[in-house]
Amino acid sequence: MQELIGTGVALITPFDAQGNPDLNALTALVDFNIENGVDYLVVLGTTAESATLTAAEKSAVKACITAANKGRVPEVLGIGGNNTAAVVEELKTTDLSNYTAVLSVSPYYNKPTQEGIYQHFKAVATATDKPIILYNVPGRTSSNMAPETVARLAADFDHVVAIKEAAGDMVQAMELIRQLPEDFLVISGDDMITLPMVLAGGAGVISVIGEGMPAEFSAMVRLARAGHNDQARALQYQLMPVIDMIFEEGNPAGVKALLEHRNICSANVRLPLVEASTGLKARIGEFLREF
């Protein structure tokens, strides 16, 4: 899956002053990212506030991104949840023809065992022949998908091709790289440790900061993959302060504040999230001016 190597970005859903999806801003965001070197787009991931979007809004967002993209880069569609039957039904009833792969988050809140996680993704993999990227994010799901479970799924289903690994644990990331076949992609889901993961053998990143700083972050990943470690490290250390900032008051409030400073979209989010504070916005703006 060469299309999934490098920098993918988990696109936000911009909202206008009335709280509706701002499709003009979304179009501008897609152009901004592609023109600045990102390799692929992730549509309706958790960063898109997809949990708060209606079915009609999701359809509008998908259509807008595909129209704006004009086939320039691959697209990955987020379809996941903690109701296995509902995820299976969505996979079976969604037109996936525009998408290179599906990104599916490990079930949240239920806290399944490793066997439960395996059986969930077995049902997901049986429902579609589209390539699947597993998504492990214990900070949000309250359960960790062990490397052994990932290896079992990869062995049993040829189209389970990658994992977005966001446990923030370098040892676990290295275990995944060690245990999984060479053609299985271990993708960072944690912006702060993307560089060490890539240097350890990871395939790249599905990023949040990458959509706000696409030129710099995608350049860092390309440099690391090409072995230009000193240049990649220099970018990593320049970007670290703003990576911390955008997650300080939750995702995607922080990156939306950054994108507001860059005149791409407003900082509006939907409840239960709230907009970034005035103080955080000011610090992000100061970082951008100095950067």
# chains A, B, ... in the order shown; residues from 1 in each chain; ligands from 1
call {"tool": "residues_around", "arguments": {"residues": "Leu41 in chain A", "least_positions_apart": "5", "cutoff": "7 Å", "atoms": "only C-alpha atoms", "output": "VMD selection string"}}
result
chain A and resid 8 to 11 74 to 76
call {"tool": "residues_around", "arguments": {"residues": "Glu57 in chain A", "least_positions_apart": "2", "cutoff": "12 Å", "atoms": "only C-alpha atoms", "output": "list in words"}}
result
Thr13, Pro14, Phe15, Gly19, Asn20, Pro21, Asp22, Leu23, Leu44, Ala48, Glu49, Ser50, Ala51, Thr52, Leu53, Thr54, Ala55, Ser59, Ala60, Val61, Lys62, Ala63 and Cys64 of chain A
call {"tool": "write_last_selection", "arguments": {"atoms": "all heavy atoms", "output": "short mmCIF file (atom, residue, chain, number, x, y, z; two decimals), in the first residue's frame"}}
result
data_model
loop_
_atom_site.label_atom_id
_atom_site.label_comp_id
_atom_site.auth_asym_id
_atom_site.auth_seq_id
_atom_site.Cartn_x
_atom_site.Cartn_y
_atom_site.Cartn_z
N THR A 13 -13.64 19.16 10.41
CA THR A 13 -14.84 19.70 9.76
C THR A 13 -14.97 21.15 10.20
O THR A 13 -15.28 21.43 11.37
CB THR A 13 -16.10 18.93 10.18
OG1 THR A 13 -15.94 17.55 9.88
CG2 THR A 13 -17.33 19.48 9.44
N PRO A 14 -14.71 22.12 9.32
CA PRO A 14 -14.92 23.53 9.69
C PRO A 14 -16.41 23.82 9.88
O PRO A 14 -17.26 23.25 9.16
CB PRO A 14 -14.37 24.31 8.50
CG PRO A 14 -13.59 23.32 7.68
CD PRO A 14 -14.21 21.99 7.94
N PHE A 15 -16.73 24.69 10.83
CA PHE A 15 -18.11 25.12 11.04
C PHE A 15 -18.21 26.63 10.88
O PHE A 15 -17.29 27.37 11.24
CB PHE A 15 -18.60 24.73 12.44
CG PHE A 15 -18.64 23.24 12.68
CD1 PHE A 15 -17.87 22.65 13.66
CD2 PHE A 15 -19.46 22.42 11.90
CE1 PHE A 15 -17.91 21.29 13.88
CE2 PHE A 15 -19.51 21.05 12.11
CZ PHE A 15 -18.73 20.48 13.11
N GLY A 19 -22.91 27.28 13.05
CA GLY A 19 -22.65 25.91 13.49
C GLY A 19 -22.82 24.86 12.43
O GLY A 19 -22.80 23.65 12.73
N ASN A 20 -22.98 25.28 11.18
CA ASN A 20 -23.13 24.33 10.07
C ASN A 20 -21.77 24.04 9.43
O ASN A 20 -20.87 24.91 9.46
CB ASN A 20 -24.07 24.90 9.01
CG ASN A 20 -25.44 25.20 9.56
OD1 ASN A 20 -26.07 24.36 10.20
ND2 ASN A 20 -25.91 26.43 9.36
N PRO A 21 -21.59 22.86 8.82
CA PRO A 21 -20.33 22.61 8.12
C PRO A 21 -20.07 23.69 7.07
O PRO A 21 -20.96 24.03 6.28
CB PRO A 21 -20.58 21.25 7.47
CG PRO A 21 -21.54 20.57 8.39
CD PRO A 21 -22.47 21.66 8.84
N ASP A 22 -18.87 24.24 7.10
CA ASP A 22 -18.46 25.31 6.19
C ASP A 22 -17.71 24.66 5.03
O ASP A 22 -16.50 24.43 5.11
CB ASP A 22 -17.59 26.32 6.94
CG ASP A 22 -17.22 27.52 6.09
OD1 ASP A 22 -17.31 27.43 4.85
OD2 ASP A 22 -16.79 28.54 6.67
N LEU A 23 -18.42 24.38 3.95
CA LEU A 23 -17.83 23.62 2.85
C LEU A 23 -16.84 24.45 2.05
O LEU A 23 -15.90 23.90 1.46
CB LEU A 23 -18.94 23.06 1.95
CG LEU A 23 -19.93 22.12 2.67
CD1 LEU A 23 -20.94 21.56 1.67
CD2 LEU A 23 -19.22 20.99 3.40
N LEU A 44 -13.49 12.12 7.65
CA LEU A 44 -14.40 11.71 8.72
C LEU A 44 -13.75 10.78 9.73
O LEU A 44 -14.36 9.80 10.20
CB LEU A 44 -15.68 11.07 8.14
CG LEU A 44 -16.59 11.99 7.33
CD1 LEU A 44 -17.78 11.23 6.79
CD2 LEU A 44 -17.07 13.18 8.19
N ALA A 48 -12.51 14.92 12.76
CA ALA A 48 -13.56 15.61 12.01
C ALA A 48 -14.81 15.87 12.86
O ALA A 48 -15.80 16.37 12.33
CB ALA A 48 -13.94 14.81 10.78
N GLU A 49 -14.74 15.55 14.17
CA GLU A 49 -15.93 15.63 15.03
C GLU A 49 -17.07 14.83 14.44
O GLU A 49 -18.25 15.20 14.54
CB GLU A 49 -16.34 17.10 15.28
CG GLU A 49 -15.29 17.90 16.03
CD GLU A 49 -15.61 19.38 16.14
OE1 GLU A 49 -16.47 19.76 16.96
OE2 GLU A 49 -14.99 20.16 15.37
N SER A 50 -16.71 13.69 13.85
CA SER A 50 -17.71 12.88 13.15
C SER A 50 -18.80 12.37 14.09
O SER A 50 -19.93 12.12 13.65
CB SER A 50 -17.03 11.71 12.43
OG SER A 50 -16.16 11.02 13.29
N ALA A 51 -18.48 12.25 15.37
CA ALA A 51 -19.49 11.79 16.34
C ALA A 51 -20.64 12.77 16.48
O ALA A 51 -21.72 12.40 16.95
CB ALA A 51 -18.84 11.55 17.71
N THR A 52 -20.43 14.02 16.08
CA THR A 52 -21.48 15.04 16.22
C THR A 52 -22.10 15.43 14.88
O THR A 52 -22.93 16.34 14.83
CB THR A 52 -20.93 16.31 16.90
OG1 THR A 52 -20.00 16.96 16.02
CG2 THR A 52 -20.25 15.99 18.21
N LEU A 53 -21.72 14.76 13.80
CA LEU A 53 -22.27 15.09 12.48
C LEU A 53 -23.46 14.20 12.16
O LEU A 53 -23.45 13.00 12.45
CB LEU A 53 -21.20 14.90 11.39
CG LEU A 53 -19.96 15.78 11.46
CD1 LEU A 53 -18.98 15.40 10.35
CD2 LEU A 53 -20.31 17.26 11.39
N THR A 54 -24.47 14.77 11.52
CA THR A 54 -25.61 13.97 11.05
C THR A 54 -25.20 13.19 9.79
O THR A 54 -24.17 13.48 9.17
CB THR A 54 -26.80 14.86 10.71
OG1 THR A 54 -26.45 15.67 9.56
CG2 THR A 54 -27.19 15.77 11.87
N ALA A 55 -26.02 12.23 9.42
CA ALA A 55 -25.75 11.46 8.21
C ALA A 55 -25.69 12.37 6.99
O ALA A 55 -24.83 12.20 6.11
CB ALA A 55 -26.81 10.37 8.03
N SER A 59 -22.40 13.06 4.50
CA SER A 59 -22.46 12.93 3.04
C SER A 59 -21.95 14.19 2.35
O SER A 59 -21.20 14.12 1.37
CB SER A 59 -23.90 12.64 2.58
OG SER A 59 -24.32 11.37 3.05
N ALA A 60 -22.34 15.35 2.88
CA ALA A 60 -21.91 16.62 2.30
C ALA A 60 -20.40 16.80 2.45
O ALA A 60 -19.72 17.26 1.53
CB ALA A 60 -22.66 17.77 2.96
N VAL A 61 -19.86 16.44 3.62
CA VAL A 61 -18.42 16.55 3.86
C VAL A 61 -17.65 15.63 2.90
O VAL A 61 -16.65 16.05 2.29
CB VAL A 61 -18.10 16.22 5.33
CG1 VAL A 61 -16.61 15.96 5.54
CG2 VAL A 61 -18.57 17.37 6.24
N LYS A 62 -18.09 14.41 2.77
CA LYS A 62 -17.41 13.46 1.86
C LYS A 62 -17.41 13.98 0.43
O LYS A 62 -16.37 13.96 -0.25
CB LYS A 62 -18.08 12.09 1.93
CG LYS A 62 -17.81 11.33 3.21
CD LYS A 62 -18.26 9.88 3.13
CE LYS A 62 -19.76 9.74 3.11
NZ LYS A 62 -20.18 8.31 3.18
N ALA A 63 -18.57 14.44 -0.03
CA ALA A 63 -18.68 14.94 -1.41
C ALA A 63 -17.80 16.16 -1.62
O ALA A 63 -17.14 16.29 -2.67
CB ALA A 63 -20.14 15.26 -1.73
N CYS A 64 -17.76 17.04 -0.64
CA CYS A 64 -16.96 18.27 -0.74
C CYS A 64 -15.48 17.94 -0.86
O CYS A 64 -14.77 18.50 -1.71
CB CYS A 64 -17.22 19.15 0.48
SG CYS A 64 -16.18 20.62 0.55
#
call {"tool": "select_by_dssp", "arguments": {"residues": "range 181-265 of chain A", "states": "alpha helix (DSSP H)", "output": "ChimeraX atom specification"}}
result
/A:194-199,209-212,214-225,229-248,253-261
call {"tool": "write_last_selection", "arguments": {"atoms": "C-alpha atoms", "output": "PDB file, in the first residue's frame"}}
result
ATOM      1  CA  THR A 194       6.192  10.568  14.540  1.00  0.00           C
ATOM      2  CA  LEU A 195       9.890  11.167  13.895  1.00  0.00           C
ATOM      3  CA  PRO A 196      11.210   8.393  16.168  1.00  0.00           C
ATOM      4  CA  MET A 197       8.548   6.016  14.839  1.00  0.00           C
ATOM      5  CA  VAL A 198       9.565   6.699  11.232  1.00  0.00           C
ATOM      6  CA  LEU A 199      13.259   6.325  12.096  1.00  0.00           C
ATOM      7  CA  ILE A 209      -0.591  19.190  13.222  1.00  0.00           C
ATOM      8  CA  GLY A 210       0.101  18.150   9.629  1.00  0.00           C
ATOM      9  CA  GLU A 211      -3.064  19.851   8.395  1.00  0.00           C
ATOM     10  CA  GLY A 212      -2.114  23.097  10.130  1.00  0.00           C
ATOM     11  CA  PRO A 214       1.512  20.758   6.133  1.00  0.00           C
ATOM     12  CA  ALA A 215       4.674  21.954   4.389  1.00  0.00           C
ATOM     13  CA  GLU A 216       6.847  21.604   7.474  1.00  0.00           C
ATOM     14  CA  PHE A 217       5.432  18.378   8.895  1.00  0.00           C
ATOM     15  CA  SER A 218       5.298  16.486   5.595  1.00  0.00           C
ATOM     16  CA  ALA A 219       8.847  17.666   4.854  1.00  0.00           C
ATOM     17  CA  MET A 220       9.985  16.261   8.200  1.00  0.00           C
ATOM     18  CA  VAL A 221       8.497  12.856   7.377  1.00  0.00           C
ATOM     19  CA  ARG A 222      10.005  12.834   3.871  1.00  0.00           C
ATOM     20  CA  LEU A 223      13.435  13.802   5.197  1.00  0.00           C
ATOM     21  CA  ALA A 224      13.299  11.079   7.864  1.00  0.00           C
ATOM     22  CA  ARG A 225      12.248   8.426   5.376  1.00  0.00           C
ATOM     23  CA  ASN A 229      18.046  12.690  10.008  1.00  0.00           C
ATOM     24  CA  ASP A 230      19.677  15.980  11.019  1.00  0.00           C
ATOM     25  CA  GLN A 231      17.293  18.049   8.893  1.00  0.00           C
ATOM     26  CA  ALA A 232      14.299  16.021  10.056  1.00  0.00           C
ATOM     27  CA  ARG A 233      15.307  16.480  13.697  1.00  0.00           C
ATOM     28  CA  ALA A 234      15.654  20.233  13.229  1.00  0.00           C
ATOM     29  CA  LEU A 235      12.050  20.439  11.997  1.00  0.00           C
ATOM     30  CA  GLN A 236      10.830  18.144  14.786  1.00  0.00           C
ATOM     31  CA  TYR A 237      12.280  20.389  17.496  1.00  0.00           C
ATOM     32  CA  GLN A 238      10.911  23.528  15.827  1.00  0.00           C
ATOM     33  CA  LEU A 239       7.417  22.040  15.748  1.00  0.00           C
ATOM     34  CA  MET A 240       7.299  20.476  19.205  1.00  0.00           C
ATOM     35  CA  PRO A 241       5.960  23.587  21.028  1.00  0.00           C
ATOM     36  CA  VAL A 242       2.971  23.950  18.696  1.00  0.00           C
ATOM     37  CA  ILE A 243       2.219  20.213  18.778  1.00  0.00           C
ATOM     38  CA  ASP A 244       1.873  20.524  22.553  1.00  0.00           C
ATOM     39  CA  MET A 245      -0.278  23.630  22.182  1.00  0.00           C
ATOM     40  CA  ILE A 246      -2.825  22.187  19.769  1.00  0.00           C
ATOM     41  CA  PHE A 247      -3.617  19.290  22.111  1.00  0.00           C
ATOM     42  CA  GLU A 248      -3.566  21.335  25.324  1.00  0.00           C
ATOM     43  CA  ALA A 253     -10.088  22.835  19.203  1.00  0.00           C
ATOM     44  CA  GLY A 254      -6.356  23.526  19.087  1.00  0.00           C
ATOM     45  CA  VAL A 255      -5.734  22.873  15.415  1.00  0.00           C
ATOM     46  CA  LYS A 256      -8.869  24.834  14.513  1.00  0.00           C
ATOM     47  CA  ALA A 257      -7.425  27.799  16.438  1.00  0.00           C
ATOM     48  CA  LEU A 258      -4.206  27.432  14.434  1.00  0.00           C
ATOM     49  CA  LEU A 259      -6.127  27.230  11.148  1.00  0.00           C
ATOM     50  CA  GLU A 260      -8.097  30.351  12.131  1.00  0.00           C
ATOM     51  CA  HIS A 261      -4.778  32.203  12.487  1.00  0.00           C
TER      52      HIS A 261
END
call {"tool": "select_by_dssp", "arguments": {"residues": "range 83-238 of chain A", "states": "strand (DSSP E or B)", "output": "list in words"}}
result
Ala101, Val102, Leu103, Ser104, Val105, Ile132, Ile133, Leu134, Tyr135, Asn136, Val160, Val161, Ala162, Ile163, Lys164, Glu165, Leu185, Val186, Ile187, Ser188, Gly204, Val205, Ile206 and Ser207 of chain A
call {"tool": "residues_around", "arguments": {"residues": "Ser277 in chain A", "least_positions_apart": "2", "cutoff": "10 Å", "atoms": "only C-alpha atoms", "output": "PyMOL selection string"}}
result
chain A and resi 249+253-254+257+274-275+279-282
call {"tool": "write_last_selection", "arguments": {"atoms": "C-alpha atoms", "output": "compact mmCIF listing (two decimals), in the first residue's frame"}}
result
# COMPACT_ATOMS: atom_id res chain seq x y z
CA GLU A 249 -7.33 22.01 25.33
CA ALA A 253 -10.09 22.83 19.20
CA GLY A 254 -6.36 23.53 19.09
CA ALA A 257 -7.42 27.80 16.44
CA VAL A 274 -15.61 24.23 23.28
CA GLU A 275 -13.48 26.65 21.33
CA GLY A 279 -4.92 32.68 25.93
CA LEU A 280 -4.19 29.53 23.93
CA LYS A 281 -5.15 31.26 20.68
CA ALA A 282 -2.75 34.09 21.50
call {"tool": "closest_atom_pairs", "arguments": {"of": "range 33-62 of chain A", "to": "range 88-105 of chain A", "cutoff": "9 Å", "atoms": "only C-alpha atoms", "output": "Markdown table"}}
result
| residue | atom | partner | partner_atom | distance |
| --- | --- | --- | --- | --- |
| A:Val42 | CA | A:Leu103 | CA | 8.0 |
| A:Gly45 | CA | A:Leu103 | CA | 7.5 |
| A:Thr46 | CA | A:Val105 | CA | 8.6 |
call {"tool": "closest_residue", "arguments": {"among": "A:Pro181, A:Gly139, A:Gly285, A:Gly204", "to": "Lys164 in chain A", "atoms": "only C-alpha atoms"}}
result
A:Gly204
call {"tool": "closest_residue", "arguments": {"among": "A:Ala200, A:Gly116, A:Asp16, A:Leu77", "to": "Cys265 in chain A", "atoms": "only C-alpha atoms"}}
result
A:Asp16
call {"tool": "residues_around", "arguments": {"residues": "Ser142 in chain A", "least_positions_apart": "6", "cutoff": "10 Å", "atoms": "only C-alpha atoms", "output": "ChimeraX atom specification"}}
result
/A:106-112
call {"tool": "closest_residue", "arguments": {"among": "A:Ile65, A:Val38, A:Ala276, A:Val150", "to": "Ile12 in chain A", "atoms": "only C-alpha atoms"}}
result
A:Ile65
call {"tool": "atom_distance", "arguments": {"atom1": "CA of Ala85 in chain A", "atom2": "CA of Thr126 in chain A"}}
result
11.9 Å
call {"tool": "closest_residue", "arguments": {"among": "A:Glu290, A:Asp39, A:Asp158, A:Glu115", "to": "Asp183 in chain A", "atoms": "only C-alpha atoms"}}
result
A:Asp158
call {"tool": "closest_residue", "arguments": {"among": "A:Met170, A:Val137, A:Ile193, A:Ala67", "to": "Thr27 in chain A", "atoms": "only C-alpha atoms"}}
result
A:Ala67
call {"tool": "closest_residue", "arguments": {"among": "A:Met1, A:Leu176, A:Ile133, A:Ala127", "to": "Val87 in chain A", "atoms": "only C-alpha atoms"}}
result
A:Ala127
call {"tool": "atom_distance", "arguments": {"atom1": "CA of Pro138 in chain A", "atom2": "CA of Met213 in chain A"}}
result
25.4 Å
call {"tool": "residues_around", "arguments": {"residues": "range 145-148 of chain A", "least_positions_apart": "4", "cutoff": "8 Å", "atoms": "only C-alpha atoms", "output": "list in words"}}
result
Ser106, Gln114, Ile117, Asn136, Pro138, Arg152, Gln172, Glu175, Leu176 and Gln179 of chain A
call {"tool": "atom_distance", "arguments": {"atom1": "CA of Ile132 in chain A", "atom2": "CA of Val160 in chain A"}}
result
4.7 Å
